[in-house]
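Notes to accompany the following structure.
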Amino acid sequence: HTDAAAAAAAAGSAAAPAASSSSQGGLVELSSTVQLPQQGTAPAVSMPWVGFGTYKLSNARAAVRTALRLGYRALDSAYIYGGEKTEPETGAALAAALEAGEVTREEVFVTTKHWRKFHGYEPSLACLKTSLRRLQLAQVDLWLMHWPGPAWRTMNRRKDEIAAHGPFHYAAAGHEEDALPALRAETWRAMEDALEQGLTRAIGVSNFSVRHLQALKQTARVWPPAVNQVELNPYYQQRELQAYCAEEGIVLQAYASLGGQDASKATTASLGGPLLEAPPVAAAAEAHGATAAQVLLRWALQKRIIVIPKANREARATENTRLFHFSLSEPEMAAIDSLDRGEAGRTCWRNDPLRMLQFE
């Protein structure tokens with residue numbers, strides 16, 4: 001996990017993460033890394049700008065093994081992915097690659113995420129220990145709090161009941177809205193202790209709004225979170241969140257970089273059609289001899305946002321590694337920036353009553 005770190009300018013902020021130096025600001029190859037913010041007395045940690053996502057993979061074990069062979073050196077998983085099957089498949093793939101001598105443990109950055117039903121101190125530590133067992137690791141490189149909201153006492157949630165009683169009607173006991181900030185604080189305290197115990201090299205959050213970050217900061221012993229992994233793409237740019245994270249020194253990591261998988265046809269149409277087909281994206285792709293997916297991933301990288309594209313097919317996984325032979329011009333970046341739809345651009349978590357994160 002070494003990195004030739006130099007100061008990088010992200011959103012013009014002095015608090016921006018450091019990146020390996022080059023004429024392209026550190027974005028020269030698949031193994032290029034960003035230095036995460038220092039957390040307590042833990043050693044400095046560097047993370048690849050491009051990782052391999054494992055959400056909704058049809059065969060995670062095969063896909064992860066292929067990704068490692070293609071040169072990906074960061075794997076993004078979560079306790080809950082694939083009905084809790086993806087994490088052990090990811091671990092099996094990594095173990096096989098290590099056994100075969102294809103990679104060393106130090107070369108591969110492994111992220112996993114705590115699940116919301118384990119909010120609280122002791123449950124969170126138990127969640128991490130399960131993840132470590134599934135991944136066949138003694139330590140992960142980054143552990144994220146996956147979701148700031150409550151667990152549900154049932155998945156059979158009726159819309160009429162939610163309309164009558166509010167979005168927290170089905171929240172699990174102890175996960176009521178007024179209890180959530182303190183509950184997340186206890187989860188973070190467990191994460192801080194896991195960091196000190198060497199169970200993870202860095203800790204962070206996912207899907208946190210500015211409001212949730214501000215609340216967490218009030219009680220945190222370790223600040224800032226190394227990473228905030230969020231839905232972010234040209235349709236949903238979260239500019240206020242980008243600015244806050246830059247100010248606090250939090251590295252942003254994007255999922256749904258290509259537009260997300262959860263949007264209905266009606267929602268996609270209301271946004272102007274699939275993001276991959278947006279005219280500014282298509283124009284940049286044609287100008288650079290690149291694909292639309294490559295343009296969208298490059299757009300994020302040039303904003304100093306880590307990306308974690310997933311791919312079931314080797315050809316697509318290979319395509320997503322080829323992001324370093326071109327740069328988008330300022331006019332091209334501005335044209336893609338103009339696609340921002342604000343809150344209407346959020347397409348993920350569409351079945352969650354609290355998907356817009358409008359809670360304390």
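All residue names refer to the structure tokens as shown: chains lettered A, B, ... in order, residues numbered from 1 in each chain, ligands numbered from 1 in order.
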
May I have the residues within 12 Å of Lys159 of chain A as an mmCIF file with N, CA, C and O atoms, in the first residue's frame, using only C-alpha atoms and disregarding those fewer than 6 positions away in the same chain?
data_model
loop_
_atom_site.group_PDB
_atom_site.id
_atom_site.type_symbol
_atom_site.label_atom_id
_atom_site.label_comp_id
_atom_site.auth_asym_id
_atom_site.auth_seq_id
_atom_site.Cartn_x
_atom_site.Cartn_y
_atom_site.Cartn_z
ATOM 1 N N HIS A 165 -48.452 6.984 8.753
ATOM 2 C CA HIS A 165 -47.668 7.054 9.987
ATOM 3 C C HIS A 165 -46.259 7.618 9.812
ATOM 4 O O HIS A 165 -45.563 7.819 10.811
ATOM 5 N N GLY A 166 -45.822 7.846 8.572
ATOM 6 C CA GLY A 166 -44.490 8.397 8.347
ATOM 7 C C GLY A 166 -43.478 7.323 7.974
ATOM 8 O O GLY A 166 -43.710 6.123 8.194
ATOM 9 N N PRO A 167 -42.330 7.738 7.415
ATOM 10 C CA PRO A 167 -41.354 6.774 6.886
ATOM 11 C C PRO A 167 -40.673 5.926 7.948
ATOM 12 O O PRO A 167 -40.098 4.884 7.619
ATOM 13 N N PHE A 168 -40.731 6.319 9.218
ATOM 14 C CA PHE A 168 -40.099 5.522 10.274
ATOM 15 C C PHE A 168 -41.066 4.501 10.885
ATOM 16 O O PHE A 168 -40.721 3.835 11.865
ATOM 17 N N HIS A 169 -42.236 4.366 10.306
ATOM 18 C CA HIS A 169 -43.253 3.467 10.875
ATOM 19 C C HIS A 169 -42.732 2.043 11.023
ATOM 20 O O HIS A 169 -43.065 1.354 12.003
ATOM 21 N N TYR A 170 -41.926 1.591 10.079
ATOM 22 C CA TYR A 170 -41.437 0.212 10.105
ATOM 23 C C TYR A 170 -40.007 0.099 10.647
ATOM 24 O O TYR A 170 -39.374 -0.949 10.506
ATOM 25 N N ASN A 351 -36.499 1.624 -3.314
ATOM 26 C CA ASN A 351 -37.523 0.968 -2.503
ATOM 27 C C ASN A 351 -37.435 1.328 -1.033
ATOM 28 O O ASN A 351 -38.211 0.824 -0.213
ATOM 29 N N ASP A 352 -36.492 2.201 -0.675
ATOM 30 C CA ASP A 352 -36.341 2.585 0.727
ATOM 31 C C ASP A 352 -37.123 3.869 0.989
ATOM 32 O O ASP A 352 -36.919 4.871 0.299
ATOM 33 N N PRO A 353 -38.004 3.869 1.992
ATOM 34 C CA PRO A 353 -38.796 5.074 2.276
ATOM 35 C C PRO A 353 -37.940 6.295 2.631
ATOM 36 O O PRO A 353 -38.407 7.425 2.540
#

Distance query Glu330 of chain A at most 12 Å, only C-alpha atoms, self and fewer than 3 positions along chain excluded, as a ChimeraX atom specification: /A:284,299,302-303,327,333-337

Out of A:Ser124, A:Thr104, A:Gln139, A:Thr66, which residue has the shortest atom-to-atom distance to Arg189 of chain A when counting only C-alpha atoms?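 Of A:Ser124, A:Thr104, A:Gln139, A:Thr66, the one nearest Arg189 of chain A, counting only C-alpha atoms, is A:Ser124.
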
Can you check which residues of segment 140-198 of chain A DSSP gives as helix (DSSP H, G or I) on the backbone and send them as a ChimeraX atom specification? /A:159-165,177-196

Return the single residue from A:Gln294, A:Asn228, A:Thr90, A:Ser270 that is closest to Leu135 of chain A, with distances computed using only C-alpha atoms. A:Thr90

Just list as a PyMOL selection string whatever in segment 78-254 of chain A DSSP marks as strand (DSSP E or B). chain A and resi 109-114+140+142-145+152+171+200+203-206+227-231+233+236+251-254

Once you have the residues from the selection above, write them out as a PDB file, in the first residue's frame, restricted to C-alpha atoms.
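Output file part.pdb is given in full below:
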ATOM      1  CA  PHE A 109      -6.978  -2.829  -1.095  1.00  0.00           C
ATOM      2  CA  VAL A 110     -10.105  -4.452   0.353  1.00  0.00           C
ATOM      3  CA  THR A 111     -13.168  -2.461   1.385  1.00  0.00           C
ATOM      4  CA  THR A 112     -16.245  -3.843   3.078  1.00  0.00           C
ATOM      5  CA  LYS A 113     -19.261  -2.244   4.699  1.00  0.00           C
ATOM      6  CA  HIS A 114     -21.151  -2.592   7.946  1.00  0.00           C
ATOM      7  CA  VAL A 140      -9.558  -5.044   5.872  1.00  0.00           C
ATOM      8  CA  LEU A 142     -11.294   0.196   4.716  1.00  0.00           C
ATOM      9  CA  TRP A 143     -14.482  -0.415   6.685  1.00  0.00           C
ATOM     10  CA  LEU A 144     -17.478   1.781   5.899  1.00  0.00           C
ATOM     11  CA  MET A 145     -20.749   2.446   7.710  1.00  0.00           C
ATOM     12  CA  TRP A 152     -36.516  -2.320   9.160  1.00  0.00           C
ATOM     13  CA  ALA A 171     -38.126   1.117  11.792  1.00  0.00           C
ATOM     14  CA  THR A 200      -9.126  -2.255   9.678  1.00  0.00           C
ATOM     15  CA  ILE A 203     -12.717   3.773   8.568  1.00  0.00           C
ATOM     16  CA  GLY A 204     -15.311   5.757   6.676  1.00  0.00           C
ATOM     17  CA  VAL A 205     -18.964   6.112   5.808  1.00  0.00           C
ATOM     18  CA  SER A 206     -21.306   5.605   2.880  1.00  0.00           C
ATOM     19  CA  VAL A 227     -14.019   8.072   2.665  1.00  0.00           C
ATOM     20  CA  ASN A 228     -17.671   8.846   2.009  1.00  0.00           C
ATOM     21  CA  GLN A 229     -18.947   6.451  -0.674  1.00  0.00           C
ATOM     22  CA  VAL A 230     -22.064   7.891  -2.308  1.00  0.00           C
ATOM     23  CA  GLU A 231     -24.207   7.805  -5.414  1.00  0.00           C
ATOM     24  CA  ASN A 233     -22.642  10.916 -11.429  1.00  0.00           C
ATOM     25  CA  TYR A 236     -26.672  13.549  -9.433  1.00  0.00           C
ATOM     26  CA  VAL A 251     -12.231  11.512   0.069  1.00  0.00           C
ATOM     27  CA  LEU A 252     -15.329  10.974  -2.057  1.00  0.00           C
ATOM     28  CA  GLN A 253     -15.935   7.649  -3.736  1.00  0.00           C
ATOM     29  CA  ALA A 254     -18.706   7.265  -6.295  1.00  0.00           C
TER      30      ALA A 254
END

Selection: 8 Å around Gly345 of chain A, only C-alpha atoms, excl. self and same-chain fewer than 3 positions, as a PDB file with all heavy atoms, in the first residue's frame:
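Saved as part_10.pdb:
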ATOM      1  N   TYR A 235     -25.763  13.183 -13.519  1.00  0.00           N
ATOM      2  CA  TYR A 235     -27.161  13.485 -13.226  1.00  0.00           C
ATOM      3  C   TYR A 235     -27.370  13.847 -11.747  1.00  0.00           C
ATOM      4  O   TYR A 235     -28.339  14.515 -11.412  1.00  0.00           O
ATOM      5  CB  TYR A 235     -28.046  12.283 -13.548  1.00  0.00           C
ATOM      6  CG  TYR A 235     -28.477  12.163 -14.997  1.00  0.00           C
ATOM      7  CD1 TYR A 235     -28.993  10.955 -15.478  1.00  0.00           C
ATOM      8  CD2 TYR A 235     -28.402  13.230 -15.884  1.00  0.00           C
ATOM      9  CE1 TYR A 235     -29.420  10.822 -16.800  1.00  0.00           C
ATOM     10  CE2 TYR A 235     -28.814  13.111 -17.205  1.00  0.00           C
ATOM     11  CZ  TYR A 235     -29.317  11.906 -17.658  1.00  0.00           C
ATOM     12  OH  TYR A 235     -29.735  11.780 -18.968  1.00  0.00           O
ATOM     13  N   TYR A 236     -26.508  13.361 -10.877  1.00  0.00           N
ATOM     14  CA  TYR A 236     -26.672  13.549  -9.433  1.00  0.00           C
ATOM     15  C   TYR A 236     -25.311  13.872  -8.824  1.00  0.00           C
ATOM     16  O   TYR A 236     -24.605  13.003  -8.328  1.00  0.00           O
ATOM     17  CB  TYR A 236     -27.257  12.278  -8.805  1.00  0.00           C
ATOM     18  CG  TYR A 236     -27.642  12.408  -7.354  1.00  0.00           C
ATOM     19  CD1 TYR A 236     -28.481  13.432  -6.919  1.00  0.00           C
ATOM     20  CD2 TYR A 236     -27.184  11.501  -6.410  1.00  0.00           C
ATOM     21  CE1 TYR A 236     -28.844  13.547  -5.581  1.00  0.00           C
ATOM     22  CE2 TYR A 236     -27.540  11.594  -5.079  1.00  0.00           C
ATOM     23  CZ  TYR A 236     -28.368  12.627  -4.667  1.00  0.00           C
ATOM     24  OH  TYR A 236     -28.730  12.735  -3.341  1.00  0.00           O
ATOM     25  N   LEU A 271     -35.221  12.177 -16.744  1.00  0.00           N
ATOM     26  CA  LEU A 271     -33.891  12.765 -16.614  1.00  0.00           C
ATOM     27  C   LEU A 271     -33.292  13.142 -17.961  1.00  0.00           C
ATOM     28  O   LEU A 271     -32.251  13.803 -18.022  1.00  0.00           O
ATOM     29  CB  LEU A 271     -32.947  11.781 -15.899  1.00  0.00           C
ATOM     30  CG  LEU A 271     -33.294  11.464 -14.443  1.00  0.00           C
ATOM     31  CD1 LEU A 271     -32.402  10.359 -13.909  1.00  0.00           C
ATOM     32  CD2 LEU A 271     -33.182  12.703 -13.580  1.00  0.00           C
ATOM     33  N   ASP A 340     -26.422  17.991 -14.568  1.00  0.00           N
ATOM     34  CA  ASP A 340     -26.865  17.835 -13.179  1.00  0.00           C
ATOM     35  C   ASP A 340     -28.375  18.078 -13.045  1.00  0.00           C
ATOM     36  O   ASP A 340     -28.888  19.111 -13.475  1.00  0.00           O
ATOM     37  CB  ASP A 340     -26.102  18.815 -12.285  1.00  0.00           C
ATOM     38  CG  ASP A 340     -26.210  18.467 -10.809  1.00  0.00           C
ATOM     39  OD1 ASP A 340     -26.814  17.435 -10.480  1.00  0.00           O
ATOM     40  OD2 ASP A 340     -25.672  19.236  -9.996  1.00  0.00           O
ATOM     41  N   ARG A 341     -29.089  17.137 -12.445  1.00  0.00           N
ATOM     42  CA  ARG A 341     -30.531  17.251 -12.234  1.00  0.00           C
ATOM     43  C   ARG A 341     -30.874  17.474 -10.757  1.00  0.00           C
ATOM     44  O   ARG A 341     -32.031  17.366 -10.372  1.00  0.00           O
ATOM     45  CB  ARG A 341     -31.243  15.995 -12.742  1.00  0.00           C
ATOM     46  CG  ARG A 341     -31.009  15.679 -14.218  1.00  0.00           C
ATOM     47  CD  ARG A 341     -31.620  16.743 -15.131  1.00  0.00           C
ATOM     48  NE  ARG A 341     -31.586  16.334 -16.526  1.00  0.00           N
ATOM     49  CZ  ARG A 341     -30.686  16.748 -17.426  1.00  0.00           C
ATOM     50  NH1 ARG A 341     -29.730  17.605 -17.043  1.00  0.00           N
ATOM     51  NH2 ARG A 341     -30.724  16.340 -18.680  1.00  0.00           N
ATOM     52  N   GLY A 342     -29.860  17.720  -9.943  1.00  0.00           N
ATOM     53  CA  GLY A 342     -30.124  17.928  -8.520  1.00  0.00           C
ATOM     54  C   GLY A 342     -30.697  16.679  -7.869  1.00  0.00           C
ATOM     55  O   GLY A 342     -30.370  15.552  -8.247  1.00  0.00           O
TER      56      GLY A 342
END

Taking 3 positions as the minimum chain separation for residues in the same chain, which residues sit within 9 Å of Leu199 of chain A when counting only C-alpha atoms? Answer as a PyMOL selection string. chain A and resi 128-129+132+138-141+193-196

Dump as CSV the rows for residues of segment 146-240 of chain A within 10 Å of segment 45-64 of chain A: closest atom pair and distance in Å with one decimal, only C-alpha atoms counted, ordered by chain and rising residue number.
residue,atom,partner,partner_atom,distance
A:Arg201,CA,A:Val45,CA,7.1
A:Ala202,CA,A:Val45,CA,7.2
A:Ala226,CA,A:Val45,CA,9.2

Can you spit out the residues from that selection as a short mmCIF file (atom, residue, chain, number, x, y, z; two decimals), in the first residue's frame, using N, CA and C atoms?
data_model
loop_
_atom_site.label_atom_id
_atom_site.label_comp_id
_atom_site.auth_asym_id
_atom_site.auth_seq_id
_atom_site.Cartn_x
_atom_site.Cartn_y
_atom_site.Cartn_z
N ARG A 201 -7.60 -0.82 8.46
CA ARG A 201 -6.56 0.20 8.34
C ARG A 201 -7.14 1.62 8.24
N ALA A 202 -8.41 1.72 7.89
CA ALA A 202 -9.07 3.02 7.78
C ALA A 202 -10.57 2.81 7.96
N ALA A 226 -12.30 8.57 6.50
CA ALA A 226 -11.36 8.53 5.37
C ALA A 226 -12.09 8.71 4.04
#

Tell me, as a PyMOL selection string, which residues lie within 9 Å of Gly40 of chain A, counting only C-alpha atoms; anything in the same chain fewer than 3 positions away does not count. chain A and resi 43+196+221-223

Store the residues picked out above in a file with N, CA, C and O atoms, as a short mmCIF file (atom, residue, chain, number, x, y, z; two decimals), in the first residue's frame.
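Below you can see out04.cif, which holds the result:
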data_model
loop_
_atom_site.label_atom_id
_atom_site.label_comp_id
_atom_site.auth_asym_id
_atom_site.auth_seq_id
_atom_site.Cartn_x
_atom_site.Cartn_y
_atom_site.Cartn_z
N PRO A 43 -1.08 4.26 10.79
CA PRO A 43 -0.20 4.61 9.67
C PRO A 43 -0.99 5.16 8.49
O PRO A 43 -2.17 4.84 8.31
N GLU A 196 -8.19 1.07 16.02
CA GLU A 196 -7.13 1.00 17.01
C GLU A 196 -6.66 -0.44 17.24
O GLU A 196 -5.49 -0.69 17.51
N ARG A 221 -14.28 10.59 17.87
CA ARG A 221 -12.92 10.65 18.40
C ARG A 221 -11.90 10.66 17.26
O ARG A 221 -10.87 11.30 17.35
N VAL A 222 -12.24 9.95 16.19
CA VAL A 222 -11.43 9.92 14.97
C VAL A 222 -12.17 10.70 13.89
O VAL A 222 -13.30 10.38 13.55
N TRP A 223 -11.54 11.75 13.40
CA TRP A 223 -12.13 12.58 12.35
C TRP A 223 -11.03 13.07 11.43
O TRP A 223 -9.96 13.39 11.90
#

Identify, on the basis of only C-alpha atoms, every residue whose closest approach to Tyr244 of chain A does not exceed 10 Å; exclude the query and any residue fewer than 4 positions from it along the same chain; express the result as a PyMOL selection string. chain A and resi 209-210+213-214+239-240+248-250

Residue nearest Glu332 of chain A - candidates A:Ala285, A:Arg316, A:Ala290, A:Cys127, atoms counted: only C-alpha atoms: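 Closest residue, counting only C-alpha atoms: A:Ala285.
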
What is the distance, in Å and to one decimal place, between atom CA of Asn312 of chain A and atom CA of Thr130 of chain A?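 Taking atom CA of Asn312 of chain A as the start and atom CA of Thr130 of chain A as the end point, the length is 25.5 Å.
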